[in-house]
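Shown next: run26.cif, given as mmCIF, C-alpha atoms.
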```
data_model
loop_
_atom_site.label_atom_id
_atom_site.label_comp_id
_atom_site.auth_asym_id
_atom_site.auth_seq_id
_atom_site.Cartn_x
_atom_site.Cartn_y
_atom_site.Cartn_z
CA MET Q 84 -3.15 2.25 12.71
CA HIS Q 85 -2.30 4.42 9.75
CA GLU Q 86 -4.70 6.94 11.23
CA VAL Q 87 -1.79 8.20 13.35
CA SER Q 88 0.40 9.08 10.38
CA ILE Q 89 -2.61 10.52 8.53
CA ALA Q 90 -3.47 12.67 11.57
CA GLN Q 91 0.10 13.96 11.67
CA ARG Q 92 -0.11 14.81 7.99
CA ILE Q 93 -3.41 16.67 8.56
CA VAL Q 94 -1.72 18.67 11.33
CA GLU Q 95 1.08 19.60 8.90
CA VAL Q 96 -1.36 20.72 6.21
CA ILE Q 97 -3.37 22.79 8.73
CA ARG Q 98 -0.25 24.43 10.15
CA ASP Q 99 1.02 25.21 6.67
CA THR Q 100 -2.34 26.75 5.68
CA ALA Q 101 -2.49 28.84 8.86
CA ASP Q 102 1.06 30.11 8.31
CA ARG Q 103 0.31 31.11 4.75
CA ASN Q 104 -2.74 33.03 5.94
CA GLY Q 105 -0.99 35.21 8.49
CA GLY Q 106 -0.86 32.74 11.39
CA GLY Q 107 -3.09 32.50 14.44
CA ARG Q 108 -4.80 29.75 16.38
CA VAL Q 109 -6.86 27.21 14.45
CA ALA Q 110 -10.15 26.63 16.26
CA SER Q 111 -11.60 23.99 13.97
CA ALA Q 112 -11.10 22.20 10.68
CA VAL Q 113 -13.35 20.31 8.29
CA LEU Q 114 -12.09 17.07 6.77
CA ARG Q 115 -13.93 15.10 4.09
CA VAL Q 116 -13.43 11.36 4.41
CA GLY Q 117 -14.71 9.06 1.69
CA GLU Q 118 -16.43 5.93 2.87
CA LEU Q 119 -14.07 3.82 0.74
CA SER Q 120 -10.92 5.42 2.10
CA CYS Q 121 -10.09 2.71 4.67
CA VAL Q 122 -9.86 5.33 7.39
CA ASP Q 123 -11.74 4.86 10.61
CA PRO Q 124 -13.16 8.31 11.52
CA GLU Q 125 -13.26 7.65 15.25
CA THR Q 126 -9.66 6.48 15.37
CA LEU Q 127 -8.64 9.40 13.18
CA ALA Q 128 -10.38 11.92 15.46
CA PHE Q 129 -8.62 10.40 18.48
CA ALA Q 130 -5.22 10.44 16.76
CA PHE Q 131 -5.83 14.03 15.63
CA ASP Q 132 -6.52 15.21 19.19
CA LEU Q 133 -3.31 13.59 20.37
CA SER Q 134 -1.33 15.14 17.51
CA CYS Q 135 -2.64 18.64 18.36
CA ARG Q 136 -1.91 18.45 22.06
CA GLY Q 137 0.68 21.02 23.15
CA ASP Q 138 0.88 22.61 19.68
CA PRO Q 139 0.47 26.40 20.06
CA THR Q 140 -1.44 26.70 16.76
CA LEU Q 141 -3.62 23.65 17.13
CA ASP Q 142 -4.12 22.75 20.78
CA GLY Q 143 -7.84 22.13 21.27
CA CYS Q 144 -8.67 22.35 17.56
CA SER Q 145 -11.86 20.46 16.82
CA LEU Q 146 -11.94 18.28 13.73
CA ARG Q 147 -15.27 17.93 11.94
CA ILE Q 148 -15.33 14.86 9.75
CA GLU Q 149 -17.77 14.78 6.84
CA ARG Q 150 -18.34 11.36 5.36
CA VAL Q 151 -18.53 11.23 1.57
CA PRO Q 152 -20.63 8.37 0.21
CA ALA Q 153 -19.31 6.17 -2.58
CA ARG Q 154 -20.29 7.07 -6.13
CA LEU Q 155 -19.38 4.50 -8.76
CA ARG Q 156 -19.50 4.22 -12.53
CA CYS Q 157 -19.76 0.78 -14.12
CA ARG Q 158 -16.95 0.23 -16.63
CA ALA Q 159 -19.22 -1.97 -18.77
CA CYS Q 160 -22.53 -0.06 -18.98
CA ALA Q 161 -21.71 3.36 -17.47
CA TRP Q 162 -24.35 3.00 -14.75
CA GLU Q 163 -23.71 5.51 -11.95
CA GLY Q 164 -24.69 5.28 -8.33
CA GLY Q 165 -23.71 4.32 -4.82
CA GLY Q 166 -22.91 0.88 -3.48
CA ASP Q 167 -20.19 -1.66 -2.92
CA PRO Q 168 -17.36 -1.29 -5.47
CA PHE Q 169 -16.52 -4.96 -5.12
CA ALA Q 170 -20.04 -6.23 -5.88
CA GLY Q 171 -21.63 -6.64 -9.31
CA CYS Q 172 -23.27 -3.72 -11.15
CA PRO Q 173 -26.98 -3.41 -10.22
CA ALA Q 174 -27.80 -2.60 -13.85
CA CYS Q 175 -25.80 -5.12 -15.91
CA GLY Q 176 -24.19 -7.44 -13.35
CA ALA Q 177 -20.63 -6.83 -14.54
CA ARG Q 178 -17.85 -6.31 -12.04
CA GLY Q 179 -15.45 -3.40 -12.09
CA PHE Q 180 -16.29 0.22 -11.32
CA ASP Q 181 -14.47 3.49 -11.53
CA VAL Q 182 -14.73 5.23 -8.18
CA LEU Q 183 -15.97 8.78 -8.80
CA ASP Q 184 -16.38 9.74 -5.13
CA GLY Q 185 -15.65 8.01 -1.88
CA ARG Q 186 -11.89 7.67 -1.73
CA GLU Q 187 -11.13 11.24 -0.70
CA LEU Q 188 -9.25 12.36 2.34
CA ARG Q 189 -9.40 16.08 1.89
CA LEU Q 190 -9.01 19.05 4.18
CA GLN Q 191 -11.82 21.42 3.17
CA THR Q 192 -11.61 24.45 5.45
CA ILE Q 193 -10.00 25.70 8.63
CA ASP Q 194 -11.31 28.31 11.06
CA LEU Q 195 -8.54 30.71 11.96
CA GLU Q 196 -8.61 33.02 15.01
CA GLN Q 197 -6.45 35.83 13.74
CA ALA Q 198 -4.34 37.60 16.34
CA MET N 104 -12.58 34.20 13.21
CA SER N 105 -12.21 33.59 9.52
CA GLU N 106 -12.92 30.50 7.51
CA ILE N 107 -10.09 29.65 5.15
CA PRO N 108 -10.79 27.29 2.26
CA VAL N 109 -8.11 24.62 1.89
CA VAL N 110 -9.47 21.83 -0.33
CA ARG N 111 -6.23 19.92 -0.25
CA ASP N 112 -5.76 16.18 -0.48
CA VAL N 113 -4.13 15.05 2.73
CA LEU N 114 -2.23 12.34 0.89
CA ASP N 115 -0.98 14.70 -1.85
CA ASP N 116 2.43 14.57 -0.26
CA ASN N 117 2.50 10.81 -0.80
CA ALA N 118 1.36 11.17 -4.40
CA ALA N 119 4.19 13.64 -5.04
CA GLY N 120 6.69 11.31 -3.37
CA ALA N 121 5.44 8.35 -5.43
CA ALA N 122 5.83 10.36 -8.64
CA ALA N 123 9.40 11.28 -7.67
CA ASN N 124 10.23 7.63 -6.93
CA ARG N 125 8.68 6.55 -10.24
CA ALA N 126 10.87 9.02 -12.15
CA ARG N 127 13.91 7.72 -10.30
CA PHE N 128 13.09 4.09 -11.19
CA ALA N 129 12.60 5.00 -14.83
CA ALA N 130 15.90 6.87 -14.99
CA ALA N 131 17.73 3.91 -13.43
CA GLY N 132 15.96 1.35 -15.62
CA VAL N 133 14.94 -0.78 -12.66
CA TYR N 134 11.73 -2.79 -12.26
CA VAL N 135 10.10 -2.28 -8.87
CA MET N 136 7.64 -4.50 -7.05
CA ASN N 137 5.70 -3.69 -3.88
CA LEU N 138 5.26 -6.98 -2.03
CA MET N 139 2.49 -7.08 0.54
CA SER N 140 0.82 -9.61 2.82
CA GLY N 141 -0.47 -10.12 6.32
CA PRO N 142 2.10 -10.72 9.08
CA GLY N 143 3.65 -14.18 8.97
CA ALA N 144 2.58 -15.02 5.40
CA GLY N 145 6.20 -15.68 4.44
CA LYS N 146 7.45 -12.52 2.75
CA THR N 147 10.93 -12.64 4.26
CA THR N 148 11.38 -16.38 3.63
CA LEU N 149 10.32 -15.85 0.02
CA MET N 150 12.89 -13.02 -0.24
CA GLU N 151 15.59 -15.41 1.01
CA ARG N 152 14.61 -18.01 -1.61
CA THR N 153 14.41 -15.32 -4.27
CA ALA N 154 17.90 -14.04 -3.44
CA VAL N 155 19.31 -17.52 -4.05
CA ALA N 156 17.22 -18.29 -7.15
CA CYS N 157 18.09 -14.98 -8.82
CA ARG N 158 21.84 -15.59 -8.80
CA GLY N 159 23.19 -15.32 -12.32
CA ARG N 160 19.76 -14.31 -13.68
CA LEU N 161 18.60 -11.07 -12.12
CA ARG N 162 20.41 -8.50 -10.06
CA ILE N 163 18.04 -7.61 -7.25
CA ALA N 164 17.96 -5.60 -4.06
CA VAL N 165 15.38 -5.59 -1.30
CA VAL N 166 13.96 -2.81 0.83
CA ALA N 167 12.59 -4.43 3.97
CA GLY N 168 9.94 -2.48 5.82
CA ASP N 169 9.28 -3.24 9.43
CA ILE N 170 7.73 -1.38 12.30
CA GLU N 171 10.80 -2.05 14.45
CA THR N 172 14.00 -4.18 14.27
CA ARG N 173 16.43 -5.21 11.52
CA ARG N 174 15.65 -8.92 11.70
CA ASP N 175 14.16 -9.23 8.22
CA ALA N 176 16.98 -7.27 6.62
CA ASP N 177 19.63 -9.37 8.37
CA ARG N 178 18.01 -12.62 7.23
CA ILE N 179 17.92 -11.53 3.58
CA ALA N 180 21.40 -9.95 3.59
CA ARG N 181 22.95 -13.31 4.51
CA HIS N 182 22.16 -14.45 0.97
CA GLY N 183 24.37 -11.80 -0.59
CA VAL N 184 21.68 -9.41 -1.79
CA PRO N 185 21.83 -5.67 -0.98
CA VAL N 186 19.17 -4.90 1.61
CA GLU N 187 18.01 -1.61 3.05
CA GLN N 188 15.84 -1.54 6.13
CA VAL N 189 13.06 0.98 6.60
CA ASN N 190 11.69 1.18 10.11
CA THR N 191 8.31 2.85 9.93
CA GLY N 192 8.43 3.90 13.59
CA GLY N 193 5.05 2.48 14.55
CA ALA N 194 3.28 3.07 11.24
CA CYS N 195 1.58 0.05 9.72
CA HIS N 196 2.66 0.71 6.14
CA MET N 197 5.49 2.23 4.16
CA ASP N 198 4.82 5.53 2.41
CA ALA N 199 6.61 7.08 -0.55
CA ARG N 200 8.75 9.41 1.57
CA MET N 201 10.00 6.63 3.82
CA LEU N 202 11.04 4.69 0.73
CA GLU N 203 12.79 7.74 -0.71
CA GLY N 204 15.31 7.71 2.13
CA ALA N 205 16.22 4.07 1.52
CA LEU N 206 16.52 4.58 -2.25
CA SER N 207 19.34 7.08 -1.87
CA ARG N 208 21.46 4.34 -0.26
CA ILE N 209 20.96 1.87 -3.14
CA ASP N 210 22.74 1.86 -6.51
CA LEU N 211 19.52 1.53 -8.50
CA ALA N 212 21.21 1.74 -11.90
CA SER N 213 23.11 -1.50 -11.22
CA LEU N 214 19.90 -3.46 -10.56
CA ASP N 215 17.41 -5.35 -12.70
CA ALA N 216 14.73 -5.41 -10.02
CA LEU N 217 14.00 -3.90 -6.62
CA ILE N 218 11.59 -5.65 -4.30
CA ILE N 219 9.95 -3.65 -1.54
CA GLU N 220 8.90 -5.92 1.29
CA ASN N 221 6.14 -3.87 2.85
CA VAL N 222 5.03 -3.99 6.49
CA GLY N 223 2.96 -7.09 7.25
CA ASN N 224 -0.61 -5.84 6.99
CA LEU N 225 -3.45 -6.59 4.58
CA VAL N 226 -5.16 -3.22 4.93
CA CYS N 227 -3.07 -0.07 4.98
CA PRO N 228 -0.20 -0.74 2.53
CA ALA N 229 -2.66 -1.08 -0.36
CA GLU N 230 -3.59 2.60 0.11
CA PHE N 231 -0.11 4.01 -0.36
CA ASP N 232 1.42 4.25 -3.81
CA LEU N 233 5.20 3.97 -3.58
CA GLY N 234 5.83 4.53 -7.29
CA GLU N 235 6.22 0.80 -7.99
CA HIS N 236 5.43 -0.95 -11.28
CA ASP N 237 3.42 -3.78 -9.72
CA LYS N 238 1.73 -4.61 -6.46
CA VAL N 239 2.11 -8.27 -5.54
CA MET N 240 0.54 -9.98 -2.56
CA ILE N 241 1.07 -13.25 -0.75
CA LEU N 242 -1.87 -15.15 0.67
CA SER N 243 -0.64 -18.16 2.62
CA VAL N 244 -2.88 -21.19 2.96
CA THR N 245 -2.72 -21.01 6.76
CA GLU N 246 -4.51 -17.66 6.73
CA GLY N 247 -7.92 -18.88 5.59
CA ALA N 248 -9.76 -18.56 2.30
CA ASP N 249 -12.01 -15.75 3.54
CA LYS N 250 -9.30 -13.10 3.14
CA PRO N 251 -10.38 -11.77 -0.30
CA ALA N 252 -13.83 -10.95 1.06
CA LYS N 253 -12.37 -9.31 4.16
CA TYR N 254 -9.63 -7.27 2.48
CA PRO N 255 -11.02 -6.46 -0.96
CA LEU N 256 -8.80 -3.45 -1.66
CA MET N 257 -5.58 -5.45 -1.37
CA PHE N 258 -6.86 -8.16 -3.71
CA SER N 259 -8.22 -5.73 -6.25
CA GLU N 260 -4.99 -3.70 -6.43
CA ALA N 261 -2.61 -6.63 -6.86
CA ARG N 262 -1.42 -7.87 -10.26
CA LEU N 263 -0.19 -11.17 -8.87
CA MET N 264 -1.29 -13.26 -5.91
CA VAL N 265 1.27 -15.72 -4.62
CA LEU N 266 -0.58 -18.54 -2.92
CA GLY N 267 2.03 -19.39 -0.31
CA LYS N 268 2.90 -22.30 1.98
CA THR N 269 1.23 -24.77 -0.38
CA ASP N 270 3.21 -27.60 1.27
CA LEU N 271 0.82 -27.19 4.22
CA LEU N 272 -2.35 -27.71 2.15
CA PRO N 273 -2.86 -31.30 3.38
CA TYR N 274 -2.99 -30.07 6.98
CA VAL N 275 -5.27 -27.06 6.72
CA ASP N 276 -8.88 -26.49 5.81
CA PHE N 277 -8.17 -24.23 2.86
CA ASP N 278 -9.77 -24.60 -0.55
CA PRO N 279 -7.35 -23.01 -3.03
CA HIS N 280 -9.89 -23.09 -5.89
CA ALA N 281 -12.44 -21.18 -3.81
CA ALA N 282 -9.86 -18.64 -2.63
CA ILE N 283 -8.64 -18.01 -6.19
CA ALA N 284 -12.22 -17.76 -7.50
CA ASP N 285 -13.10 -15.26 -4.74
CA ALA N 286 -10.04 -13.16 -5.45
CA ARG N 287 -10.86 -13.14 -9.17
CA THR N 288 -14.40 -11.91 -8.62
CA LEU N 289 -12.69 -8.79 -7.19
CA ASN N 290 -9.96 -8.71 -9.79
CA PRO N 291 -10.63 -10.77 -12.94
CA ASP N 292 -7.09 -10.22 -14.29
CA LEU N 293 -5.33 -11.36 -11.11
CA GLU N 294 -2.50 -13.78 -11.88
CA VAL N 295 -1.81 -16.58 -9.41
CA ILE N 296 1.33 -18.59 -8.62
CA ARG N 297 1.19 -21.49 -6.18
CA LEU N 298 4.38 -21.51 -4.21
CA SER N 299 6.12 -23.13 -1.29
CA SER N 300 9.36 -21.56 -0.10
CA ARG N 301 9.95 -24.78 1.83
CA THR N 302 9.75 -27.30 -1.02
CA GLY N 303 10.63 -24.92 -3.84
CA GLU N 304 7.31 -25.45 -5.65
CA GLY N 305 6.56 -22.44 -7.82
CA ILE N 306 9.90 -20.69 -7.28
CA GLU N 307 10.84 -21.04 -10.96
CA ASP N 308 7.41 -19.62 -11.98
CA TRP N 309 7.95 -16.74 -9.57
CA ILE N 310 11.39 -15.79 -10.89
CA SER N 311 10.19 -16.09 -14.51
CA TRP N 312 7.22 -13.89 -13.65
CA ILE N 313 9.57 -11.18 -12.35
CA GLU N 314 11.71 -11.51 -15.50
CA ARG N 315 8.63 -11.23 -17.72
CA ARG N 316 7.24 -8.21 -15.91
CA ARG N 317 10.62 -6.54 -16.00
CA ALA N 318 10.87 -7.15 -19.74
CA SER N 319 7.42 -5.73 -20.40
CA ARG N 320 7.66 -2.70 -18.08
CA VAL N 321 11.33 -1.77 -18.33
CA GLY N 322 13.12 -3.86 -20.99
CA GLY N 323 15.66 -6.70 -21.04
CA THR N 324 18.00 -7.39 -18.14
CA LYS N 325 21.30 -5.52 -17.84
CA ASP N 326 24.56 -7.30 -18.73
#
```

Rewritten as structure tokens:
Amino acid sequence: MHEVSIAQRIVEVIRDTADRNGGGRVASAVLRVGELSCVDPETLAFAFDLSCRGDPTLDGCSLRIERVPARLRCRACAWEGGGDPFAGCPACGARGFDVLDGRELRLQTIDLEQA
Amino acid sequence: MSEIPVVRDVLDDNAAGAAANRARFAAAGVYVMNLMSGPGAGKTTLMERTAVACRGRLRIAVVAGDIETRRDADRIARHGVPVEQVNTGGACHMDARMLEGALSRIDLASLDALIIENVGNLVCPAEFDLGEHDKVMILSVTEGADKPAKYPLMFSEARLMVLGKTDLLPYVDFDPHAAIADARTLNPDLEVIRLSSRTGEGIEDWISWIERRRASRVGGTKD
């Protein structure tokens, strides 16, 4: 259940961003979650709602989660594409990829209702 | 309503904490290992054995992570090794900031090696860099040989896999060759030590491994 601590961290980042932009209520936020990030989006959304409850800045804030597909580069032949990072390369069969996309856990935007 | 761009990594705070810990380890000249496994794989028992086997060879301390209780820390401390407990308060892994608190209570400069016994979990701890030199995992033979396929991140991040509880091999349906082969398809460079805390098999290999890694990452032991 590391989704709980991640949700709390998201709340901190949102609150910090809102404060630095003159304050106000945050109506929604967009989070990009890579498909290799080991985060369960449903659990995260649930934990996020709980973390926002009772917070004057964030109560009722809706979290939109965008999934980012994996993009890999083969270390042997430089093939690039999506797939399972733990399988063999579809082009040369070697194992071992650099993960270009798919591990992110990034807050993209927030919607601020300025007072 | 105004849309504010953020584009900030939610785990950036952990990355900053890990970098701070790493600088602290380097300044103190201490080798640091992040030890991970599922619950009940034998991390704490191995720490007890390690405490005894290191006497006169390596000065070590242990940070024991647990969701609740001090039981692990108390067990290890009985063997005369400094132990700090980190209770994660419900979280299933230790993060860099939680470790930071424990580090300030340890005299790092007096140590050759620090072992962080992470929370028992094969998923989450692999995601959180603590600033350590090496990630090490224990797979015990009672857990089943399918674990590499189920928890690929853990196996691909580890430098060493300790195959634990080998004294129980005659009683369980576990093929060590298959498990090691599976783990190495994920991580071709993975080193393996077969070990039983109960019989002592592999303990010497384990301590020598720590000495070797310390020598290559940090330098010789302190007098």

So what does the PyMOL selection byres ((chain Q) within 8 of (chain N)) actually pick up in this one, as a ChimeraX atom specification? /Q:84-85,87-89,92-93,96,100,121,169-170,178-179,187-197

The PyMOL selection byres ((chain N and resi 233) around 6) applied to the shown file, residues as a CSV table (one decimal) with C-alpha atoms, in the coordinates of the input:
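In the end it all went to out_20.csv:
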```
chain,number,residue,atom,x,y,z
N,121,ALA,CA,5.4,8.4,-5.4
N,199,ALA,CA,6.6,7.1,-0.6
N,232,ASP,CA,1.4,4.2,-3.8
N,234,GLY,CA,5.8,4.5,-7.3
N,235,GLU,CA,6.2,0.8,-8.0
```

Result set of the PyMOL selection byres ((chain Q and resi 113) around 6) on the coordinates above, as a list in words: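 Taken on the displayed file, the PyMOL selection byres ((chain Q and resi 113) around 6) yields the residues Ala112, Leu114, Leu146, Arg147, Ile148, Gln191 and Thr192 of chain Q.
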
List every protein, DNA or RNA residue that has at least one atom no more than 10 Å from (-9.5, -14.8, -3.9) in the file's coordinates, counting all atoms listed in the file, and write the result as a list of chain:residue names. N:Leu242, N:Ala248, N:Asp249, N:Lys250, N:Pro251, N:Ala252, N:Tyr254, N:Pro255, N:Phe258, N:Ser259, N:Met264, N:Leu266, N:Pro279, N:His280, N:Ala281, N:Ala282, N:Ile283, N:Ala284, N:Asp285, N:Ala286, N:Arg287, N:Thr288, N:Leu289, N:Asn290, N:Pro291, N:Leu293, N:Val295

Give the answer as one residue: which of Q:Ala128, Q:Val116, Q:Cys135, Q:Val109 has the shortest atom-to-atom distance to Val94 of chain Q, using all atoms listed in the file?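 Looking at the shortest contact to Val94 of chain Q, the residue is Q:Cys135.
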
Near Leu263 of chain N, counting all atoms listed in the file, which residues have an atom at most 9 Å away, once you skip same-chain residues fewer than 6 positions from it, shown as a list in words?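 My list of contacting residues is Asp237, Lys238, Val239, Met240, Ile241, Asp292, Leu293, Glu294, Val295 and Ile296 of chain N.
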
Which residues, written as JSON, numbers by chain, have at least one atom at most 8 Å from Val182 of chain Q, with only C-alpha atoms counted and residues fewer than 6 positions away on the same chain left out? {"Q": [153, 154, 155, 156, 168]}

Among listed residues N:Val155, N:Leu225, N:Ala176, N:Val166, nearest Ser207 of chain N (using only C-alpha atoms): N:Val166

Within 12 Å of (15.5, 5.2, -14.8) (file coordinates; all atoms listed in the file), which protein or nucleic acid residues are there? I'd like them as a count of residues only. 23

Gap from atom CA of Pro273 of chain N to atom CA of Arg297 of chain N - Å, one decimal: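 Here the two named atoms are 14.3 Å from each other.
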
Option closest in space to Ile179 of chain N, from N:Arg160, N:Arg200, N:Arg301, N:Arg152 [counting all atoms listed in the file]: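 Closest candidate: N:Arg152.
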
Please write out, as JSON, where the centre of an axis-aligned box around all listed atoms of segment 303-309 of chain N lies and how long its edges are, in Å to one decimal, after adding 8 Å on each side.
```
{"center_x": 8.7, "center_y": -21.1, "center_z": -7.9, "size_x": 20.3, "size_y": 24.7, "size_z": 24.1}
```

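Taking atom CA of Met257 of chain N and atom CA of Phe131 of chain Q as endpoints, the distance between them is 25.9 Å.
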
When you draw a straight line from atom CA of Gly137 of chain Q to atom CA of Pro124 of chain Q, how long is it in Å? 22.1 Å

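For Gly164 of chain Q, the list of residues within 12 Å, based on all atoms listed in the file and with local chain neighbours fewer than 2 positions off taken out, reads Q:Pro152, Q:Ala153, Q:Arg154, Q:Leu155, Q:Arg156, Q:Cys157, Q:Ala161, Q:Trp162, Q:Gly166, Q:Asp167, Q:Pro168, Q:Cys172, Q:Pro173, Q:Ala174, Q:Phe180, Q:Asp181, Q:Val182, Q:Leu183, Q:Asp184, Q:Gly185.
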
Tell me which of Q:Ala90, Q:Arg136, Q:Gly117, Q:Glu125 sits closest to Glu149 of chain Q, counting all atoms listed in the file.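 The answer is Q:Gly117, which sits nearest to Glu149 of chain Q.
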